[in-house]
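The structure appears right after this line, and notes come after that.
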Amino acid sequence: MDCKNTLGESVFCDPRDNCIYWTDIEQARIYRLDEIGRVHRFNLPQPAAFILPRRRPGFVLGFLDRIVSSNADMTQFDTLAVVEPDLPQTRVNDATVDHQGGIVFGTMDNRDWKPAGSIYRLDPSGRLEKLLNGITVSNGLAISADGAVLYLTDTRDGVIRRFSLTNGFANWRELTPFADRDIAPGAPDGAKLDVEGCYWSARAFGGCVVRISADGKLLEQIELDVKGPTCLAFGGPDMMTLYITTLRLRHTPEELEAAPTAGGLYTCRVGVPGLPVRLALL
């Protein structure tokens with residue numbers, strides 16, 4: 001779909017209505033693609049770095065400096081947590097729903113590109129906890145089907161890391177690195193897991209999406225005709241259609257002329273279903 005997103009991100013298939021949702025961060029807009037191909041655009045009061053589905057009607061959104069809940073039409077917003085009010089250079093970025101219905105999200109340094117960001121968990125009761133600091137651009141958040149492993153990356157250094165959640169978030173600990181930056185072209189951005197425990201990573205400015213095995217081996221590389229894939233999601237009745245958001249940022253006029261569909265939503269069929277989408281309890 002040629003939607004020309006400036007910065008498409010945070011795509012997912014909503015199990016409540018089987019629609020595909022994603023955000024254009026720079027344009028402060030949410031998109032919804034329904035089952036018959038109609039597209040609806042929701043204009044927001046400020047940019048949203050992520051959108052996630054809730055058990056209740058509506059969504060959880062990551063505004064620049066706060067996490068909010070919204071109604072289904074995205075016309076009403078209630079603040080769930082204010083994030084890093086003492087750090088004006090950072091903003092909220094990537095997020096995922098955890099196995100207990102909370103959300104894990106990260107922040108990024110949007111001004112100086114220094115490791116001023118962090119990883120947080122907002123639990124179903126609304127309690128905000130910092131899990132990790134020293135992050136420049138948080139991304140690649142995903143949690144295994146059994147809730148035992150959390151994956152994340154700092155796009156700036158490109159290493160995909162993993163953490164044990166065997167005893168929950170109270171005693172989480174880092175495991176050996178999952179994959180180095182040089183496992184594929186570009187830098188790791190948004191990610192999802194499939195039913196075989198493989199990690200799918202959008203490779204920003206590498207022009208591809210890759211599938212990495214549970215033991216960190218590159219299994220598959222899907223090439224795009226644009227250089228900036230940012231996030232991906234599984235959808236369709238069998239969860240075997242891959243949806244990929246892209247961007248138009250950091251392209252020269254010549255690059256945009258050569259790749260006019262940059263910023264579009266791409267789809268392709270894959271051989272393994274993705275994990276079911278979790279619903280937040282916030």
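Going through the structure tokens in order, the chains are called A, B, and so on, while each chain numbers its residues from 1 and the ligands are numbered from 1 in the order shown.
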
With only C-alpha atoms as the counted atoms, please give the residues lying no more than 8 Å from Asp14 of chain A, apart from itself and same-chain residues fewer than 5 positions off, as a PyMOL selection string. chain A and resi 19-21+53+277

Within 9 Å of Phe63 of chain A, counting only C-alpha atoms, which residues show up once you throw out same-chain ones fewer than 3 positions away? Write them as a ChimeraX atom specification, please. /A:46-50,66-68,91-93

Quick one: write out the picked residues with N, CA and C atoms as a PDB file, in the first residue's frame?
```pdb
ATOM      1  N   GLN A  46      -0.781  14.415  19.217  1.00  0.00           N
ATOM      2  CA  GLN A  46       0.684  14.447  19.167  1.00  0.00           C
ATOM      3  C   GLN A  46       1.167  13.117  18.598  1.00  0.00           C
ATOM      4  N   PRO A  47       2.430  13.036  18.196  1.00  0.00           N
ATOM      5  CA  PRO A  47       2.932  11.790  17.609  1.00  0.00           C
ATOM      6  C   PRO A  47       2.830  10.612  18.579  1.00  0.00           C
ATOM      7  N   ALA A  48       2.539   9.444  18.033  1.00  0.00           N
ATOM      8  CA  ALA A  48       2.512   8.200  18.809  1.00  0.00           C
ATOM      9  C   ALA A  48       3.570   7.268  18.263  1.00  0.00           C
ATOM     10  N   ALA A  49       4.515   6.889  19.113  1.00  0.00           N
ATOM     11  CA  ALA A  49       5.581   5.983  18.692  1.00  0.00           C
ATOM     12  C   ALA A  49       5.083   4.560  18.565  1.00  0.00           C
ATOM     13  N   PHE A  50       4.068   4.198  19.365  1.00  0.00           N
ATOM     14  CA  PHE A  50       3.513   2.842  19.252  1.00  0.00           C
ATOM     15  C   PHE A  50       2.019   2.849  19.512  1.00  0.00           C
ATOM     16  N   ARG A  66       4.563  10.249  27.388  1.00  0.00           N
ATOM     17  CA  ARG A  66       3.608   9.582  28.265  1.00  0.00           C
ATOM     18  C   ARG A  66       2.981   8.378  27.573  1.00  0.00           C
ATOM     19  N   ILE A  67       2.472   7.467  28.385  1.00  0.00           N
ATOM     20  CA  ILE A  67       1.695   6.336  27.891  1.00  0.00           C
ATOM     21  C   ILE A  67       0.228   6.656  28.172  1.00  0.00           C
ATOM     22  N   VAL A  68      -0.622   6.471  27.169  1.00  0.00           N
ATOM     23  CA  VAL A  68      -2.031   6.814  27.310  1.00  0.00           C
ATOM     24  C   VAL A  68      -2.898   5.641  26.867  1.00  0.00           C
ATOM     25  N   ARG A  91      12.331  10.501  24.041  1.00  0.00           N
ATOM     26  CA  ARG A  91      10.919  10.240  23.772  1.00  0.00           C
ATOM     27  C   ARG A  91      10.661   8.755  23.838  1.00  0.00           C
ATOM     28  N   VAL A  92       9.397   8.381  24.007  1.00  0.00           N
ATOM     29  CA  VAL A  92       8.977   6.986  23.983  1.00  0.00           C
ATOM     30  C   VAL A  92       9.217   6.420  22.590  1.00  0.00           C
ATOM     31  N   ASN A  93       9.550   5.122  22.512  1.00  0.00           N
ATOM     32  CA  ASN A  93       9.745   4.487  21.210  1.00  0.00           C
ATOM     33  C   ASN A  93       9.028   3.137  21.149  1.00  0.00           C
TER      34      ASN A  93
END
```

Could you list, as number ranges by chain, every residue within 12 Å of Ile25 of chain A, counting only C-alpha atoms and ignoring same-chain residues fewer than 3 positions away? A: 5-11, 22, 28-31, 43-51, 61-64, 91-94, 230, 245-249, 263

Next, the residues of the selection above should be written as a PDB file, in the first residue's frame with C-alpha atoms.
```pdb
ATOM      1  CA  ASN A   5       4.534   7.303   5.690  1.00  0.00           C
ATOM      2  CA  THR A   6       7.254   9.629   6.850  1.00  0.00           C
ATOM      3  CA  LEU A   7       8.042   7.180   9.666  1.00  0.00           C
ATOM      4  CA  GLY A   8       5.774   4.131   9.618  1.00  0.00           C
ATOM      5  CA  GLU A   9       6.091   1.988  12.758  1.00  0.00           C
ATOM      6  CA  SER A  10       4.456  -0.308  15.340  1.00  0.00           C
ATOM      7  CA  VAL A  11       2.350  -2.422  13.019  1.00  0.00           C
ATOM      8  CA  TRP A  22       0.192   1.103  12.507  1.00  0.00           C
ATOM      9  CA  ALA A  28       0.960  12.070  14.269  1.00  0.00           C
ATOM     10  CA  ARG A  29      -1.399   9.644  12.581  1.00  0.00           C
ATOM     11  CA  ILE A  30      -2.680   6.093  13.057  1.00  0.00           C
ATOM     12  CA  TYR A  31      -3.700   3.948  10.094  1.00  0.00           C
ATOM     13  CA  ASN A  43      -5.230  12.169  13.382  1.00  0.00           C
ATOM     14  CA  LEU A  44      -3.703  12.402  16.860  1.00  0.00           C
ATOM     15  CA  PRO A  45      -3.006  15.381  19.138  1.00  0.00           C
ATOM     16  CA  GLN A  46       0.684  14.447  19.167  1.00  0.00           C
ATOM     17  CA  PRO A  47       2.932  11.790  17.609  1.00  0.00           C
ATOM     18  CA  ALA A  48       2.512   8.200  18.809  1.00  0.00           C
ATOM     19  CA  ALA A  49       5.581   5.983  18.692  1.00  0.00           C
ATOM     20  CA  PHE A  50       3.513   2.842  19.252  1.00  0.00           C
ATOM     21  CA  ILE A  51      -0.027   1.523  19.333  1.00  0.00           C
ATOM     22  CA  LEU A  61      -0.514   4.499  22.764  1.00  0.00           C
ATOM     23  CA  GLY A  62       2.994   5.765  23.365  1.00  0.00           C
ATOM     24  CA  PHE A  63       2.948   9.531  23.054  1.00  0.00           C
ATOM     25  CA  LEU A  64       6.276  11.333  23.173  1.00  0.00           C
ATOM     26  CA  ARG A  91      10.919  10.240  23.772  1.00  0.00           C
ATOM     27  CA  VAL A  92       8.977   6.986  23.983  1.00  0.00           C
ATOM     28  CA  ASN A  93       9.745   4.487  21.210  1.00  0.00           C
ATOM     29  CA  ASP A  94       9.130   0.746  20.740  1.00  0.00           C
ATOM     30  CA  THR A 230      10.987  -0.301  10.330  1.00  0.00           C
ATOM     31  CA  THR A 245       6.117  -0.661   7.607  1.00  0.00           C
ATOM     32  CA  THR A 246       8.742   1.560   5.997  1.00  0.00           C
ATOM     33  CA  LEU A 247       9.892   5.184   6.102  1.00  0.00           C
ATOM     34  CA  ARG A 248      10.740   8.148   3.890  1.00  0.00           C
ATOM     35  CA  LEU A 249      13.040   9.851   6.397  1.00  0.00           C
ATOM     36  CA  GLY A 263       7.050   4.833   3.320  1.00  0.00           C
TER      37      GLY A 263
END
```

Contacts of Pro237 of chain A at 10 Å (only C-alpha atoms; same-chain gap of 4+ positions) as a PyMOL selection string: chain A and resi 15+18+241+273

Selection from above, N, CA and C atoms, as a PDB file, in the first residue's frame, can you write it?
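Saved the output as selection_33.pdb:
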```pdb
ATOM      1  N   PRO A  15      -6.506  -8.821  16.897  1.00  0.00           N
ATOM      2  CA  PRO A  15      -7.360 -10.011  16.897  1.00  0.00           C
ATOM      3  C   PRO A  15      -8.828  -9.700  17.179  1.00  0.00           C
ATOM      4  N   ASN A  18      -9.528  -8.066  13.295  1.00  0.00           N
ATOM      5  CA  ASN A  18      -8.719  -8.542  12.167  1.00  0.00           C
ATOM      6  C   ASN A  18      -8.227  -7.415  11.258  1.00  0.00           C
ATOM      7  N   THR A 241       0.720 -13.969   6.784  1.00  0.00           N
ATOM      8  CA  THR A 241       0.991 -12.801   5.949  1.00  0.00           C
ATOM      9  C   THR A 241       1.809 -11.820   6.763  1.00  0.00           C
ATOM     10  N   PRO A 273       3.571 -19.404  10.842  1.00  0.00           N
ATOM     11  CA  PRO A 273       2.708 -18.388  11.455  1.00  0.00           C
ATOM     12  C   PRO A 273       3.428 -17.612  12.549  1.00  0.00           C
TER      13      PRO A 273
END
```

For Gly207 of chain A, work out the shell of residues within 7 Å, counting only C-alpha atoms and skipping chain neighbours fewer than 2 positions away, then give it as a VMD selection string. chain A and resid 203 to 205 223 to 229

Give me a file of those residues, with C-alpha atoms, as a PDB file, in the first residue's frame.
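Written output follows (part.pdb):
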```pdb
ATOM      1  CA  ARG A 203      16.578  -4.090   9.167  1.00  0.00           C
ATOM      2  CA  ALA A 204      16.418  -0.303   8.944  1.00  0.00           C
ATOM      3  CA  PHE A 205      18.438   1.041   6.002  1.00  0.00           C
ATOM      4  CA  GLU A 223      14.570  -8.209   0.273  1.00  0.00           C
ATOM      5  CA  LEU A 224      12.489  -5.062  -0.232  1.00  0.00           C
ATOM      6  CA  ASP A 225      12.769  -2.486  -2.996  1.00  0.00           C
ATOM      7  CA  VAL A 226      13.141   0.290  -0.395  1.00  0.00           C
ATOM      8  CA  LYS A 227      15.924   0.729   2.135  1.00  0.00           C
ATOM      9  CA  GLY A 228      13.950   1.572   5.269  1.00  0.00           C
ATOM     10  CA  PRO A 229      11.814  -1.236   6.752  1.00  0.00           C
TER      11      PRO A 229
END
```

For segment 166-173 of chain A: contacts at 9 Å, only C-alpha atoms, fewer than 3 positions along chain excluded, given as a ChimeraX atom specification: /A:121,131,147-149,162-163

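Across the model, the gap from atom CA of Leu265 of chain A to atom CA of Gly58 of chain A is 22.7 Å.
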
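Remark: for Leu218 of chain A, the closest of the candidate residues A:Asn71, A:Ser201, A:Ser164, A:Thr267 is A:Ser201 (distances computed over only C-alpha atoms).
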
Using DSSP on the backbone coordinates, identify all residues within segment 79-263 of chain A classified as alpha helix (DSSP H); present the result as a CSV table (one decimal) with N, CA and C atoms, in the first residue's frame.
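Generated output (states_15.csv):
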```csv
chain,number,residue,atom,x,y,z
A,253,PRO,N,16.5,13.3,-2.3
A,253,PRO,CA,15.5,13.4,-3.4
A,253,PRO,C,15.7,12.3,-4.5
A,254,GLU,N,17.0,12.1,-4.8
A,254,GLU,CA,17.3,11.1,-5.8
A,254,GLU,C,16.8,9.7,-5.4
A,255,GLU,N,17.0,9.4,-4.1
A,255,GLU,CA,16.6,8.0,-3.6
A,255,GLU,C,15.1,7.9,-3.6
A,256,LEU,N,14.4,9.0,-3.3
A,256,LEU,CA,12.9,8.9,-3.3
A,256,LEU,C,12.4,8.8,-4.8
A,257,GLU,N,13.1,9.4,-5.7
A,257,GLU,CA,12.7,9.3,-7.1
A,257,GLU,C,12.9,7.8,-7.6
A,258,ALA,N,14.0,7.2,-7.1
A,258,ALA,CA,14.3,5.8,-7.5
A,258,ALA,C,13.4,4.8,-6.8
```

May I have the residues within 9 Å of Cys268 of chain A as a PyMOL selection string, using only C-alpha atoms and disregarding those fewer than 4 positions away in the same chain? chain A and resi 240-244

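Going from atom CA of Gln76 of chain A over to atom CA of Arg16 of chain A, you cover 19.6 Å.
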
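Using only C-alpha atoms for every distance, the candidate list A:Cys231, A:Met239, A:Val270, A:Val209 yields A:Cys231 as the residue closest to Thr23 of chain A.
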
Mind dumping a table of every segment 22-138 of chain A residue within 10 Å of segment 177-194 of chain A, with the nearest atom pair and its distance in Å to one decimal, using only C-alpha atoms, sorted by chain and rising number, as a Markdown table?
```
| residue | atom | partner | partner_atom | distance |
| --- | --- | --- | --- | --- |
| A:Asp94 | CA | A:Gly190 | CA | 7.4 |
| A:Ala95 | CA | A:Gly190 | CA | 9.1 |
| A:Thr96 | CA | A:Lys192 | CA | 9.3 |
| A:Val137 | CA | A:Asp189 | CA | 9.2 |
| A:Ser138 | CA | A:Asp189 | CA | 8.5 |
```

Export of the given selection (all heavy atoms) as a PDB file, in the first residue's frame:
```pdb
ATOM      1  N   ASP A  94       9.725   2.055  21.006  1.00  0.00           N
ATOM      2  CA  ASP A  94       9.130   0.746  20.740  1.00  0.00           C
ATOM      3  C   ASP A  94       8.442   0.157  21.979  1.00  0.00           C
ATOM      4  O   ASP A  94       8.765   0.530  23.113  1.00  0.00           O
ATOM      5  CB  ASP A  94      10.230  -0.205  20.253  1.00  0.00           C
ATOM      6  CG  ASP A  94       9.688  -1.472  19.632  1.00  0.00           C
ATOM      7  OD1 ASP A  94       8.621  -1.415  19.002  1.00  0.00           O
ATOM      8  OD2 ASP A  94      10.331  -2.523  19.781  1.00  0.00           O
ATOM      9  N   ALA A  95       7.521  -0.809  21.768  1.00  0.00           N
ATOM     10  CA  ALA A  95       6.804  -1.423  22.887  1.00  0.00           C
ATOM     11  C   ALA A  95       6.238  -2.775  22.478  1.00  0.00           C
ATOM     12  O   ALA A  95       6.053  -3.064  21.295  1.00  0.00           O
ATOM     13  CB  ALA A  95       5.669  -0.515  23.360  1.00  0.00           C
ATOM     14  N   THR A  96       5.950  -3.603  23.496  1.00  0.00           N
ATOM     15  CA  THR A  96       5.274  -4.878  23.285  1.00  0.00           C
ATOM     16  C   THR A  96       4.434  -5.190  24.513  1.00  0.00           C
ATOM     17  O   THR A  96       4.712  -4.699  25.615  1.00  0.00           O
ATOM     18  CB  THR A  96       6.294  -6.011  23.022  1.00  0.00           C
ATOM     19  OG1 THR A  96       5.610  -7.174  22.568  1.00  0.00           O
ATOM     20  CG2 THR A  96       7.092  -6.361  24.277  1.00  0.00           C
ATOM     21  N   VAL A 137      18.652   4.053  21.288  1.00  0.00           N
ATOM     22  CA  VAL A 137      17.407   3.923  20.520  1.00  0.00           C
ATOM     23  C   VAL A 137      16.809   2.552  20.821  1.00  0.00           C
ATOM     24  O   VAL A 137      17.237   1.536  20.266  1.00  0.00           O
ATOM     25  CB  VAL A 137      17.652   4.072  19.002  1.00  0.00           C
ATOM     26  CG1 VAL A 137      16.323   3.975  18.244  1.00  0.00           C
ATOM     27  CG2 VAL A 137      18.328   5.397  18.683  1.00  0.00           C
ATOM     28  N   SER A 138      15.826   2.494  21.699  1.00  0.00           N
ATOM     29  CA  SER A 138      15.211   1.217  22.071  1.00  0.00           C
ATOM     30  C   SER A 138      14.389   0.672  20.914  1.00  0.00           C
ATOM     31  O   SER A 138      13.659   1.400  20.245  1.00  0.00           O
ATOM     32  CB  SER A 138      14.310   1.405  23.296  1.00  0.00           C
ATOM     33  OG  SER A 138      13.265   2.324  23.004  1.00  0.00           O
TER      34      SER A 138
END
```

Name the residues of segment 116-234 of chain A that come out as strand (DSSP E or B) in a backbone DSSP run; write them as a short mmCIF file (atom, residue, chain, number, x, y, z; two decimals) with N, CA and C atoms, in the first residue's frame.
```
data_model
loop_
_atom_site.label_atom_id
_atom_site.label_comp_id
_atom_site.auth_asym_id
_atom_site.auth_seq_id
_atom_site.Cartn_x
_atom_site.Cartn_y
_atom_site.Cartn_z
N GLY A 117 18.39 6.82 26.99
CA GLY A 117 17.11 6.14 27.05
C GLY A 117 17.14 4.94 27.98
N SER A 118 15.96 4.37 28.20
CA SER A 118 15.81 3.24 29.13
C SER A 118 14.72 2.31 28.64
N ILE A 119 14.63 1.16 29.30
CA ILE A 119 13.55 0.19 29.09
C ILE A 119 12.69 0.18 30.36
N TYR A 120 11.37 0.21 30.18
CA TYR A 120 10.43 0.25 31.29
C TYR A 120 9.39 -0.85 31.15
N ARG A 121 8.75 -1.14 32.30
CA ARG A 121 7.54 -1.96 32.29
C ARG A 121 6.43 -1.20 33.00
N LEU A 122 5.28 -1.14 32.34
CA LEU A 122 4.07 -0.60 32.95
C LEU A 122 3.15 -1.79 33.20
N LEU A 128 4.76 1.87 37.12
CA LEU A 128 5.85 2.01 36.16
C LEU A 128 7.16 1.65 36.83
N GLU A 129 7.93 0.77 36.18
CA GLU A 129 9.21 0.32 36.72
C GLU A 129 10.28 0.41 35.64
N LYS A 130 11.43 0.97 35.98
CA LYS A 130 12.56 0.99 35.05
C LYS A 130 13.29 -0.34 35.14
N LEU A 131 13.53 -0.97 33.98
CA LEU A 131 14.22 -2.25 33.94
C LEU A 131 15.69 -2.12 33.56
N LEU A 132 16.01 -1.15 32.70
CA LEU A 132 17.35 -1.07 32.13
C LEU A 132 17.59 0.34 31.64
N ASN A 133 18.81 0.85 31.80
CA ASN A 133 19.13 2.16 31.25
C ASN A 133 20.31 2.06 30.30
N GLY A 134 20.81 3.20 29.85
CA GLY A 134 21.95 3.21 28.94
C GLY A 134 21.61 2.86 27.50
N ILE A 135 20.37 3.15 27.09
CA ILE A 135 19.91 2.82 25.74
C ILE A 135 19.86 4.10 24.90
N VAL A 137 18.65 4.05 21.29
CA VAL A 137 17.41 3.92 20.52
C VAL A 137 16.81 2.55 20.82
N SER A 138 15.83 2.49 21.70
CA SER A 138 15.21 1.22 22.07
C SER A 138 14.39 0.67 20.91
N ASN A 139 14.50 -0.63 20.69
CA ASN A 139 13.77 -1.26 19.58
C ASN A 139 13.77 -2.78 19.76
N GLY A 140 13.08 -3.45 18.81
CA GLY A 140 13.14 -4.90 18.73
C GLY A 140 12.54 -5.65 19.89
N LEU A 141 11.62 -5.02 20.65
CA LEU A 141 11.05 -5.67 21.83
C LEU A 141 10.10 -6.79 21.44
N ALA A 142 10.32 -7.97 22.01
CA ALA A 142 9.45 -9.12 21.77
C ALA A 142 9.63 -10.08 22.94
N ILE A 143 8.56 -10.81 23.26
CA ILE A 143 8.57 -11.76 24.38
C ILE A 143 8.13 -13.13 23.88
N VAL A 149 11.44 -15.37 27.88
CA VAL A 149 12.56 -14.64 27.30
C VAL A 149 12.08 -13.32 26.70
N LEU A 150 12.76 -12.24 27.05
CA LEU A 150 12.52 -10.92 26.46
C LEU A 150 13.67 -10.57 25.54
N TYR A 151 13.34 -10.15 24.32
CA TYR A 151 14.33 -9.70 23.35
C TYR A 151 14.25 -8.18 23.23
N LEU A 152 15.40 -7.54 23.04
CA LEU A 152 15.42 -6.11 22.77
C LEU A 152 16.72 -5.75 22.09
N THR A 153 16.75 -4.57 21.50
CA THR A 153 17.98 -4.10 20.88
C THR A 153 18.09 -2.60 21.04
N ASP A 154 19.29 -2.11 20.96
CA ASP A 154 19.56 -0.69 20.79
C ASP A 154 19.99 -0.54 19.34
N ILE A 160 21.33 -7.57 19.22
CA ILE A 160 20.03 -8.02 19.73
C ILE A 160 20.30 -8.80 21.01
N ARG A 161 19.73 -8.33 22.10
CA ARG A 161 19.97 -8.90 23.43
C ARG A 161 18.76 -9.70 23.88
N ARG A 162 18.99 -10.58 24.87
CA ARG A 162 17.87 -11.35 25.42
C ARG A 162 18.04 -11.48 26.93
N PHE A 163 16.88 -11.56 27.59
CA PHE A 163 16.84 -11.58 29.05
C PHE A 163 15.91 -12.70 29.52
N SER A 164 16.31 -13.38 30.57
CA SER A 164 15.48 -14.43 31.16
C SER A 164 14.39 -13.82 32.03
N ARG A 173 17.23 -11.37 34.28
CA ARG A 173 18.69 -11.32 34.12
C ARG A 173 19.04 -11.48 32.65
N GLU A 174 20.18 -10.90 32.27
CA GLU A 174 20.59 -10.95 30.88
C GLU A 174 21.26 -12.27 30.56
N ALA A 179 22.14 -11.92 18.80
CA ALA A 179 22.69 -11.73 17.44
C ALA A 179 23.45 -10.43 17.38
N ALA A 187 20.40 -2.00 10.35
CA ALA A 187 20.35 -2.02 11.81
C ALA A 187 19.01 -2.58 12.26
N PRO A 188 18.98 -3.33 13.38
CA PRO A 188 17.74 -3.94 13.83
C PRO A 188 16.75 -2.90 14.35
N ASP A 189 15.52 -3.02 13.85
CA ASP A 189 14.45 -2.12 14.27
C ASP A 189 13.34 -2.97 14.90
N GLY A 190 12.10 -2.80 14.47
CA GLY A 190 10.99 -3.55 15.07
C GLY A 190 11.10 -5.05 14.82
N ALA A 191 10.45 -5.84 15.67
CA ALA A 191 10.59 -7.29 15.59
C ALA A 191 9.33 -7.99 16.10
N LYS A 192 9.17 -9.24 15.64
CA LYS A 192 8.12 -10.14 16.13
C LYS A 192 8.68 -11.55 16.17
N LEU A 193 8.00 -12.44 16.90
CA LEU A 193 8.38 -13.85 16.99
C LEU A 193 7.35 -14.72 16.28
N ASP A 194 7.81 -15.88 15.76
CA ASP A 194 6.87 -16.82 15.16
C ASP A 194 6.67 -18.03 16.07
N TYR A 199 12.95 -15.22 15.54
CA TYR A 199 12.86 -13.77 15.72
C TYR A 199 12.96 -13.11 14.35
N TRP A 200 11.92 -12.36 13.99
CA TRP A 200 11.89 -11.64 12.72
C TRP A 200 12.24 -10.18 12.99
N SER A 201 13.22 -9.67 12.27
CA SER A 201 13.75 -8.33 12.52
C SER A 201 13.70 -7.49 11.25
N ALA A 202 13.09 -6.30 11.35
CA ALA A 202 13.14 -5.32 10.25
C ALA A 202 14.50 -4.64 10.30
N ARG A 203 15.20 -4.61 9.19
CA ARG A 203 16.58 -4.09 9.17
C ARG A 203 16.58 -2.70 8.53
N ALA A 204 16.48 -1.68 9.40
CA ALA A 204 16.42 -0.30 8.94
C ALA A 204 17.66 0.05 8.12
N CYS A 208 15.80 -4.95 4.10
CA CYS A 208 15.37 -6.34 4.21
C CYS A 208 14.74 -6.62 5.57
N VAL A 209 14.06 -7.76 5.63
CA VAL A 209 13.54 -8.34 6.87
C VAL A 209 14.18 -9.71 7.00
N VAL A 210 14.62 -10.07 8.21
CA VAL A 210 15.30 -11.35 8.37
C VAL A 210 14.62 -12.20 9.44
N ARG A 211 14.78 -13.50 9.28
CA ARG A 211 14.30 -14.47 10.28
C ARG A 211 15.51 -15.13 10.91
N ILE A 212 15.60 -15.05 12.24
CA ILE A 212 16.73 -15.57 12.99
C ILE A 212 16.24 -16.69 13.89
N LEU A 218 20.98 -16.97 11.16
CA LEU A 218 20.19 -16.37 10.10
C LEU A 218 19.59 -17.47 9.23
N LEU A 219 18.25 -17.50 9.13
CA LEU A 219 17.57 -18.54 8.37
C LEU A 219 17.00 -18.02 7.05
N GLU A 220 16.58 -16.77 7.02
CA GLU A 220 15.87 -16.26 5.85
C GLU A 220 16.07 -14.76 5.78
N GLN A 221 16.15 -14.25 4.54
CA GLN A 221 16.29 -12.81 4.32
C GLN A 221 15.36 -12.42 3.18
N ILE A 222 14.41 -11.54 3.46
CA ILE A 222 13.44 -11.07 2.48
C ILE A 222 13.83 -9.67 2.05
N GLU A 223 14.12 -9.50 0.79
CA GLU A 223 14.57 -8.21 0.27
C GLU A 223 13.37 -7.33 -0.11
N PRO A 229 12.83 -0.54 5.95
CA PRO A 229 11.81 -1.24 6.75
C PRO A 229 12.00 -0.92 8.23
N THR A 230 10.91 -0.74 8.94
CA THR A 230 10.99 -0.30 10.33
C THR A 230 10.35 -1.27 11.33
N CYS A 231 9.28 -1.93 10.93
CA CYS A 231 8.58 -2.83 11.84
C CYS A 231 7.83 -3.86 11.02
N LEU A 232 7.39 -4.93 11.66
CA LEU A 232 6.68 -5.98 10.95
C LEU A 232 5.66 -6.63 11.87
N ALA A 233 4.69 -7.31 11.24
CA ALA A 233 3.65 -8.01 12.00
C ALA A 233 3.10 -9.14 11.17
N PHE A 234 2.65 -10.18 11.85
CA PHE A 234 1.96 -11.29 11.21
C PHE A 234 0.46 -11.04 11.25
#
```

Minimum-distance residue to Ser144 of chain A, chosen among A:Leu87, A:Val104, A:Cys198, A:Leu175 (using only C-alpha atoms): A:Cys198

Closest of A:Cys3, A:Leu275, A:Val39, A:Ala81 to Val60 of chain A, counting only C-alpha atoms, is A:Ala81
